[in-house]
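A short write-up of the structure that comes next.
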Amino acid sequence: MLNAPTASHSLTVRLQILNKPGMLGKVTSAIGKAGGDIGAIDLVEVGKTTITRDITFKTSDERHGQQVVERLRALEGVTVGNVSDRTFLMHLGGKIEVRGKMPVKTRDDLSMAYTPGVARICMAIHHDPEKAYTLTIKQNTVAVVTDGTAVLGLGDIGPSGAQPVMEGKALIFKEFAGVDAFPICLATKDVDEIVMIVKALSPVFGGINLEDISAPRCFEIEERLQRDLDIPVFHDDQHGTAVVVLAAILNALKVVKKKLPEARIVFTGAGASGIATAKLLMKAGAKHIIGCDRAGAIYKGRKENMNSMKEWFADHTNPRRVRGTAGEALDGADIFIGLSGPGVVSLKDIKSMNKNAIVFAMANPIPEILPEEAGAFVKVMATGRSDYPNQINNSCCFPGFFRGLLDVRARRVNDEMKLAAAHAIAGIVGKSELSEEYITPSMFDARLVPAVSTAVAEAAVRTGVARKRRSRPA
């Protein structure tokens with residue numbers, strides 16, 4: 001079965017079409033019958049015998065796109081010209097750039113922006129390092145740091161392969177929260193080297209966003225940097241995921257009229273994001289959690305297929321020592337949180353859950369179980385994808401989270417900030433709006449970044465990790 005067409009696999013095809021009545025209809029019908037979703041039809045040129053048009057349509061993947069194009073090539077009276085992949089076009093030359101904030105057009109401009117005038121600014125910061133926050137970009141700049149070892153659903157593809165993702169993150173930072181972020185893609189997997197490099201780079205930045213670094217190394221890297229730096233360090237794959245999942249859980253529980261402390265929760269995926277999410281749910285009041293991997297439920301005393309992360313699950317969850325497969329663990333559960341991969345649970349497993357079940361199948365690009373399969377048998381269904389209702393996306397967290405950190409010049413990230421951010425995200429969805437298909441706001445909701453940034457800034461001040469009170473308007 002084909003996945004739903006998405007913009008990430010959209011094509012623009014230039015067609016020279018015989019200028020006869022009904023020809024455009026044949027073209028659009030061919031695209032539709034092949035499963036393409038037409039978005040735009042643009043007129044390029046009208047000739048004596050032909051009309052040239054650009055037709056844009058979405059497909060489900062690269063192979064599907066090729067199939068649609070071949071269907072068009074087979075039409076009599078239609079010549080296929082250039083075929084453009086819109087996603088590749090968006091990335092040509094990269095997605096971000098550096099621009100000056102003021103013009104340099106005269107000798108006076110040059111002497112103040114650079115030498116000799118800049119020397120006075122240098123010495124002011126030398127005598128009072130805190131002035132770096134007001135006299136440099138430090139006050140509004142985040143480093144997005146990766147080694148490319150755990151990229152999206154792609155795995156270890158290296159720093160160069162990871163750069164488009166980091167550029168995309170930097171773009172989102174700027175567009176949604178006004179934060180200047182820059183990708184730092186490191187050609188090393190050595191924990192000591194990564195820590196050393198980030199510490200050496202840190203004077204430029206007001207915060208560090210760790211991204212797509214494989215576990216368990218990511219834990220040590222974050223812990224050491226948080227300990228050694230006086231700026232906040234935030235591993236988005238862990239804590240961003242935890243915040244947005246908790247926010248969605250809080251609202252989903254309202255829909256099904258259940259309480260977090262009583263809810264039975266089953267995870268598939270016992271990695272960095274699973275541990276961080278379980279920890280934050282516990283901080284919020286969850287008491288009944290079971291983590292699962294390919295070997296089944298994780299319990300204290302299990303020997304098979306264990307590592308340090310799974311040992312944490314064994315020590316802190318599953319007090320009844322439930323054993324068996326993930327499907328068996330789901331019997332009677334209220335909430336399923338999938339942070340693993342496609343196909344790890346079956347419809348039979350989902351049907352065994354408690355009445356009014358909540359299912360968060362968040363593996364990307366293919367969820368643990370598809371909404372088309374499970375949706376009719378659960379009360380609330382969510383995924384990590386944008387083409388289904390209830391997309392649970394870290395982008396709802398990190399722009400506003402860092403905006404709040406930077407606004408109060410926070411020294412570190414703590415659990416109070418994460419809980420505050422989760423409640424702020426959940427609070428965007430009002431009581432009258434809340435429904436089975438709307439438990440979490442869109443990242444395009446204009447209320448989101450101000451709400452999250454304010455909550456994080458206030459939590460930083462309240463917990464004593466802020467250098468200043470927030471003066472920037474929300």
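Residues in the structure tokens are named by chain (A, B, ... in the order shown) and by number from 1 within that chain; ligands are numbered from 1 in the order shown.
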
Worksheet item: Residues at most 9 Å from range 150-158 of chain A, counting only C-alpha atoms, excluding those fewer than 2 positions away in the same chain, as an NGL selection string?
Response: :A and (146-148 or 160-163 or 165 or 185-188 or 211-215 or 341 or 363-365)

For the residues in that selection, give me N, CA and C atoms as an mmCIF file, in the first residue's frame.
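Heads up, here's the output in again19.cif:
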```cif
data_model
loop_
_atom_site.group_PDB
_atom_site.id
_atom_site.type_symbol
_atom_site.label_atom_id
_atom_site.label_comp_id
_atom_site.auth_asym_id
_atom_site.auth_seq_id
_atom_site.Cartn_x
_atom_site.Cartn_y
_atom_site.Cartn_z
ATOM 1 N N THR A 146 26.112 18.345 15.715
ATOM 2 C CA THR A 146 25.900 16.924 15.444
ATOM 3 C C THR A 146 27.201 16.273 15.009
ATOM 4 N N ASP A 147 27.234 14.950 15.114
ATOM 5 C CA ASP A 147 28.308 14.188 14.465
ATOM 6 C C ASP A 147 27.740 13.304 13.363
ATOM 7 N N GLY A 148 26.435 13.428 13.115
ATOM 8 C CA GLY A 148 25.808 12.700 12.019
ATOM 9 C C GLY A 148 25.635 11.213 12.237
ATOM 10 N N SER A 160 28.618 15.426 6.837
ATOM 11 C CA SER A 160 28.189 16.098 5.608
ATOM 12 C C SER A 160 26.758 15.716 5.248
ATOM 13 N N GLY A 161 26.446 14.424 5.399
ATOM 14 C CA GLY A 161 25.082 13.972 5.138
ATOM 15 C C GLY A 161 24.088 14.591 6.094
ATOM 16 N N ALA A 162 24.527 14.905 7.307
ATOM 17 C CA ALA A 162 23.635 15.472 8.321
ATOM 18 C C ALA A 162 23.397 16.962 8.138
ATOM 19 N N GLN A 163 24.274 17.639 7.395
ATOM 20 C CA GLN A 163 24.190 19.102 7.338
ATOM 21 C C GLN A 163 22.850 19.643 6.847
ATOM 22 N N VAL A 165 19.921 18.593 7.442
ATOM 23 C CA VAL A 165 18.995 18.573 8.575
ATOM 24 C C VAL A 165 19.315 19.723 9.526
ATOM 25 N N CYS A 185 28.729 20.670 12.203
ATOM 26 C CA CYS A 185 28.739 19.240 11.884
ATOM 27 C C CYS A 185 30.163 18.721 12.033
ATOM 28 N N LEU A 186 30.386 17.868 13.007
ATOM 29 C CA LEU A 186 31.733 17.495 13.424
ATOM 30 C C LEU A 186 32.187 16.174 12.800
ATOM 31 N N ALA A 187 33.399 16.171 12.274
ATOM 32 C CA ALA A 187 33.966 14.978 11.640
ATOM 33 C C ALA A 187 34.707 14.136 12.671
ATOM 34 N N THR A 188 34.016 13.815 13.750
ATOM 35 C CA THR A 188 34.562 12.924 14.766
ATOM 36 C C THR A 188 33.414 12.301 15.532
ATOM 37 N N GLU A 211 22.130 17.456 18.475
ATOM 38 C CA GLU A 211 21.156 16.893 17.538
ATOM 39 C C GLU A 211 21.727 15.658 16.857
ATOM 40 N N ASP A 212 20.924 14.609 16.792
ATOM 41 C CA ASP A 212 21.244 13.416 15.987
ATOM 42 C C ASP A 212 22.606 12.825 16.324
ATOM 43 N N ILE A 213 22.873 12.706 17.626
ATOM 44 C CA ILE A 213 24.077 12.025 18.118
ATOM 45 C C ILE A 213 23.624 10.717 18.739
ATOM 46 N N SER A 214 24.237 9.610 18.350
ATOM 47 C CA SER A 214 23.750 8.297 18.756
ATOM 48 C C SER A 214 23.916 8.059 20.249
ATOM 49 N N ALA A 215 23.024 7.227 20.759
ATOM 50 C CA ALA A 215 23.085 6.804 22.159
ATOM 51 C C ALA A 215 23.989 5.567 22.260
ATOM 52 N N GLY A 341 10.299 1.712 15.517
ATOM 53 C CA GLY A 341 10.337 1.548 14.068
ATOM 54 C C GLY A 341 9.041 0.963 13.560
ATOM 55 N N ALA A 363 7.338 6.652 15.021
ATOM 56 C CA ALA A 363 8.466 6.343 14.140
ATOM 57 C C ALA A 363 8.284 7.067 12.808
ATOM 58 N N ASN A 364 9.380 7.593 12.263
ATOM 59 C CA ASN A 364 9.350 8.304 10.992
ATOM 60 C C ASN A 364 10.342 7.659 10.022
ATOM 61 N N PRO A 365 9.996 7.577 8.750
ATOM 62 C CA PRO A 365 8.766 8.083 8.132
ATOM 63 C C PRO A 365 7.584 7.138 8.226
#
```

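Counting only C-alpha atoms, Val344 in chain A has the following residues at most 10 Å away, ignoring those fewer than 6 positions along the same chain: Thr268, Gly269, Asp293, Arg294, Ala326, Gly327, Gly338, Ala361, Pro367, Glu368 and Ile369 of chain A.
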
Practice prompt. Tell me, as an MDAnalysis selection string, which residues lie within 12 Å of range 44-61 of chain A, counting only C-alpha atoms; anything in the same chain fewer than 6 positions away does not count.
Written response: chainID A and resid 1:21 23:24 27:28 30:32 34:38 67:69 72 77:87 365:366 387

Residues just named, written with N, CA and C atoms as a short mmCIF file (atom, residue, chain, number, x, y, z; two decimals), in the first residue's frame:
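Saved result, out12.cif, follows:
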```cif
data_model
loop_
_atom_site.label_atom_id
_atom_site.label_comp_id
_atom_site.auth_asym_id
_atom_site.auth_seq_id
_atom_site.Cartn_x
_atom_site.Cartn_y
_atom_site.Cartn_z
N MET A 1 0.84 -1.20 0.00
CA MET A 1 0.00 0.00 0.00
C MET A 1 0.88 1.25 0.00
N LEU A 2 0.57 2.19 -0.90
CA LEU A 2 1.32 3.43 -0.96
C LEU A 2 0.99 4.32 0.21
N ASN A 3 2.00 5.02 0.73
CA ASN A 3 1.73 6.05 1.71
C ASN A 3 1.04 7.22 1.02
N ALA A 4 0.44 8.09 1.82
CA ALA A 4 -0.22 9.27 1.25
C ALA A 4 0.82 10.17 0.59
N PRO A 5 0.48 10.79 -0.55
CA PRO A 5 1.41 11.74 -1.19
C PRO A 5 1.77 12.89 -0.26
N THR A 6 3.02 13.33 -0.31
CA THR A 6 3.47 14.43 0.55
C THR A 6 4.30 15.42 -0.26
N ALA A 7 4.41 16.64 0.28
CA ALA A 7 5.21 17.68 -0.39
C ALA A 7 6.68 17.29 -0.45
N SER A 8 7.15 16.44 0.47
CA SER A 8 8.56 16.07 0.48
C SER A 8 8.94 15.24 -0.75
N HIS A 9 7.94 14.70 -1.44
CA HIS A 9 8.19 13.96 -2.68
C HIS A 9 7.38 14.57 -3.82
N SER A 10 7.38 15.90 -3.90
CA SER A 10 6.61 16.57 -4.96
C SER A 10 7.50 16.91 -6.15
N LEU A 11 6.90 16.85 -7.32
CA LEU A 11 7.61 17.10 -8.57
C LEU A 11 6.92 18.20 -9.36
N THR A 12 7.70 18.94 -10.12
CA THR A 12 7.16 19.85 -11.12
C THR A 12 7.64 19.37 -12.48
N VAL A 13 6.69 19.06 -13.37
CA VAL A 13 7.00 18.49 -14.68
C VAL A 13 6.58 19.48 -15.76
N ARG A 14 7.49 19.79 -16.66
CA ARG A 14 7.16 20.65 -17.80
C ARG A 14 6.68 19.77 -18.95
N LEU A 15 5.45 20.05 -19.39
CA LEU A 15 4.82 19.24 -20.43
C LEU A 15 4.48 20.09 -21.65
N GLN A 16 4.79 19.58 -22.82
CA GLN A 16 4.33 20.20 -24.07
C GLN A 16 3.13 19.37 -24.54
N ILE A 17 1.96 20.00 -24.51
CA ILE A 17 0.71 19.28 -24.72
C ILE A 17 0.07 19.74 -26.04
N LEU A 18 -0.39 18.79 -26.85
CA LEU A 18 -1.08 19.11 -28.09
C LEU A 18 -2.28 20.02 -27.80
N ASN A 19 -2.37 21.11 -28.56
CA ASN A 19 -3.41 22.12 -28.31
C ASN A 19 -4.75 21.67 -28.90
N LYS A 20 -5.38 20.75 -28.19
CA LYS A 20 -6.68 20.23 -28.59
C LYS A 20 -7.58 20.13 -27.37
N PRO A 21 -8.88 20.34 -27.52
CA PRO A 21 -9.79 20.21 -26.38
C PRO A 21 -9.67 18.82 -25.74
N MET A 23 -7.22 17.64 -23.89
CA MET A 23 -5.87 17.11 -23.64
C MET A 23 -5.43 17.35 -22.19
N LEU A 24 -5.73 18.53 -21.66
CA LEU A 24 -5.34 18.79 -20.26
C LEU A 24 -6.06 17.82 -19.32
N VAL A 27 -4.26 14.61 -19.19
CA VAL A 27 -3.04 14.70 -18.37
C VAL A 27 -3.39 14.60 -16.89
N THR A 28 -4.35 15.40 -16.45
CA THR A 28 -4.70 15.39 -15.02
C THR A 28 -5.28 14.05 -14.61
N ALA A 30 -4.47 11.15 -15.90
CA ALA A 30 -3.35 10.21 -15.82
C ALA A 30 -2.61 10.34 -14.49
N ILE A 31 -2.42 11.60 -14.06
CA ILE A 31 -1.74 11.82 -12.78
C ILE A 31 -2.59 11.28 -11.64
N GLY A 32 -3.88 11.57 -11.69
CA GLY A 32 -4.77 11.11 -10.63
C GLY A 32 -4.86 9.59 -10.57
N ALA A 34 -2.64 7.53 -11.42
CA ALA A 34 -1.36 7.00 -10.94
C ALA A 34 -1.14 7.29 -9.46
N GLY A 35 -2.09 7.98 -8.82
CA GLY A 35 -1.97 8.25 -7.39
C GLY A 35 -1.31 9.56 -7.03
N GLY A 36 -1.03 10.42 -8.04
CA GLY A 36 -0.45 11.72 -7.76
C GLY A 36 -1.49 12.72 -7.28
N ASP A 37 -1.08 13.67 -6.47
CA ASP A 37 -1.97 14.70 -5.93
C ASP A 37 -1.57 16.04 -6.54
N ILE A 38 -2.36 16.55 -7.49
CA ILE A 38 -2.01 17.77 -8.23
C ILE A 38 -2.14 19.00 -7.32
N GLN A 67 6.94 6.60 -11.46
CA GLN A 67 5.81 5.92 -12.07
C GLN A 67 4.82 6.91 -12.68
N VAL A 68 4.57 8.02 -11.95
CA VAL A 68 3.65 9.03 -12.48
C VAL A 68 4.23 9.66 -13.75
N VAL A 69 5.52 9.96 -13.73
CA VAL A 69 6.16 10.56 -14.91
C VAL A 69 6.09 9.61 -16.10
N LEU A 72 2.83 9.75 -17.73
CA LEU A 72 2.70 10.93 -18.57
C LEU A 72 3.43 10.75 -19.90
N GLY A 77 0.41 12.68 -27.69
CA GLY A 77 0.21 14.13 -27.77
C GLY A 77 0.82 14.90 -26.62
N VAL A 78 1.57 14.22 -25.76
CA VAL A 78 2.22 14.87 -24.60
C VAL A 78 3.71 14.56 -24.63
N THR A 79 4.52 15.61 -24.54
CA THR A 79 5.97 15.45 -24.46
C THR A 79 6.45 15.93 -23.10
N VAL A 80 7.13 15.05 -22.39
CA VAL A 80 7.65 15.40 -21.07
C VAL A 80 9.00 16.08 -21.23
N GLY A 81 9.11 17.29 -20.68
CA GLY A 81 10.37 18.02 -20.70
C GLY A 81 11.11 17.83 -19.39
N ASN A 82 11.44 18.94 -18.76
CA ASN A 82 12.20 18.88 -17.52
C ASN A 82 11.36 18.38 -16.36
N VAL A 83 11.94 17.51 -15.54
CA VAL A 83 11.29 17.02 -14.32
C VAL A 83 12.11 17.52 -13.13
N SER A 84 11.51 18.33 -12.27
CA SER A 84 12.22 18.94 -11.14
C SER A 84 11.68 18.40 -9.82
N ASP A 85 12.58 17.95 -8.98
CA ASP A 85 12.22 17.54 -7.62
C ASP A 85 12.23 18.79 -6.75
N ARG A 86 11.05 19.19 -6.26
CA ARG A 86 10.93 20.47 -5.55
C ARG A 86 11.72 20.50 -4.26
N THR A 87 11.88 19.36 -3.61
CA THR A 87 12.66 19.33 -2.37
C THR A 87 14.12 19.60 -2.66
N PRO A 365 10.00 7.58 8.75
CA PRO A 365 8.77 8.08 8.13
C PRO A 365 7.58 7.14 8.23
N ILE A 366 7.81 5.86 8.63
CA ILE A 366 6.72 4.90 8.71
C ILE A 366 6.45 4.60 10.19
N ASP A 387 1.20 14.50 7.54
CA ASP A 387 0.06 14.20 6.68
C ASP A 387 -1.06 13.45 7.40
#
```

Item to complete: If you run DSSP over the backbone, which residues in range 25-178 of chain A end up strand (DSSP E or B)? Put them as a PyMOL selection string.
Response: chain A and resi 37-46+50-59+78-85+141-146+151+155

Just C-alpha atoms for this one: save the residues we selected as a PDB file, in the first residue's frame.
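Wrote out22.pdb, looks like this:
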```pdb
ATOM      1  CA  ASP A  37      -1.971  14.699  -5.934  1.00  0.00           C
ATOM      2  CA  ILE A  38      -2.006  17.773  -8.226  1.00  0.00           C
ATOM      3  CA  GLY A  39      -1.118  21.053  -6.540  1.00  0.00           C
ATOM      4  CA  ALA A  40      -0.690  23.592  -9.332  1.00  0.00           C
ATOM      5  CA  ILE A  41      -1.024  23.940 -13.111  1.00  0.00           C
ATOM      6  CA  ASP A  42       0.882  26.876 -14.601  1.00  0.00           C
ATOM      7  CA  LEU A  43       0.774  28.098 -18.193  1.00  0.00           C
ATOM      8  CA  VAL A  44       4.262  28.643 -19.617  1.00  0.00           C
ATOM      9  CA  GLU A  45       3.774  29.203 -23.360  1.00  0.00           C
ATOM     10  CA  VAL A  46       1.057  28.949 -25.992  1.00  0.00           C
ATOM     11  CA  THR A  50       1.031  22.990 -28.545  1.00  0.00           C
ATOM     12  CA  ILE A  51       0.644  24.456 -25.063  1.00  0.00           C
ATOM     13  CA  THR A  52       3.512  24.232 -22.573  1.00  0.00           C
ATOM     14  CA  ARG A  53       2.512  23.854 -18.923  1.00  0.00           C
ATOM     15  CA  ASP A  54       4.271  23.225 -15.618  1.00  0.00           C
ATOM     16  CA  ILE A  55       2.292  20.787 -13.491  1.00  0.00           C
ATOM     17  CA  THR A  56       3.165  20.274  -9.833  1.00  0.00           C
ATOM     18  CA  PHE A  57       2.022  17.192  -7.946  1.00  0.00           C
ATOM     19  CA  LYS A  58       2.800  15.268  -4.779  1.00  0.00           C
ATOM     20  CA  THR A  59       3.795  11.606  -4.695  1.00  0.00           C
ATOM     21  CA  VAL A  78       2.215  14.867 -24.601  1.00  0.00           C
ATOM     22  CA  THR A  79       5.972  15.448 -24.465  1.00  0.00           C
ATOM     23  CA  VAL A  80       7.650  15.401 -21.067  1.00  0.00           C
ATOM     24  CA  GLY A  81      10.368  18.015 -20.701  1.00  0.00           C
ATOM     25  CA  ASN A  82      12.204  18.884 -17.521  1.00  0.00           C
ATOM     26  CA  VAL A  83      11.292  17.023 -14.319  1.00  0.00           C
ATOM     27  CA  SER A  84      12.221  18.938 -11.144  1.00  0.00           C
ATOM     28  CA  ASP A  85      12.224  17.540  -7.619  1.00  0.00           C
ATOM     29  CA  THR A 141      22.879  32.605  18.812  1.00  0.00           C
ATOM     30  CA  VAL A 142      22.616  28.828  19.146  1.00  0.00           C
ATOM     31  CA  ALA A 143      24.992  26.152  17.867  1.00  0.00           C
ATOM     32  CA  VAL A 144      23.211  23.150  16.340  1.00  0.00           C
ATOM     33  CA  VAL A 145      25.819  20.425  16.925  1.00  0.00           C
ATOM     34  CA  THR A 146      25.900  16.924  15.444  1.00  0.00           C
ATOM     35  CA  VAL A 151      20.116  11.290  11.640  1.00  0.00           C
ATOM     36  CA  GLY A 155      21.194   6.440  11.001  1.00  0.00           C
TER      37      GLY A 155
END
```

Practice prompt. Please run DSSP on the backbone and report, as a ChimeraX atom specification, all residues within range 196-444 of chain A that come out as helix (DSSP H, G or I).
Written response: /A:196-204,217-228,236-256,260-262,272-283,308-316,326-329,347-351,371-377,394-396,398-407,415-428

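The residue that comes closest to Lys174 in chain A, out of A:Lys101, A:Arg403, A:Arg224, A:Arg320 and on the basis of only C-alpha atoms, is A:Arg403.
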
Item to complete: Excluding Asp334 in chain A and residues on its chain fewer than 2 positions from it, collect all residues at most 8 Å away from it, counting only C-alpha atoms, and give them as a list of chain:residue names.
Response: A:Ala263, A:Arg264, A:Ile265, A:Gly332, A:Phe336, A:Met353, A:Asn354, A:Lys355, A:Asn356, A:Ala357, A:Ile358

Fill in: Pick from A:Lys348, A:Ala426, A:Met306, A:Asp180 nearest to Arg99 in chain A, counting only C-alpha atoms
A:Asp180

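Candidate residues A:Lys258, A:Ile392, A:Ala74, A:Cys218 were compared for distance to Lys189 in chain A, and the nearest is A:Cys218, using only C-alpha atoms.
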
Fill in: Interatomic distance (Å, one decimal) between CA of Gln238 in chain A and CA of Ile275 in chain A
7.7 Å
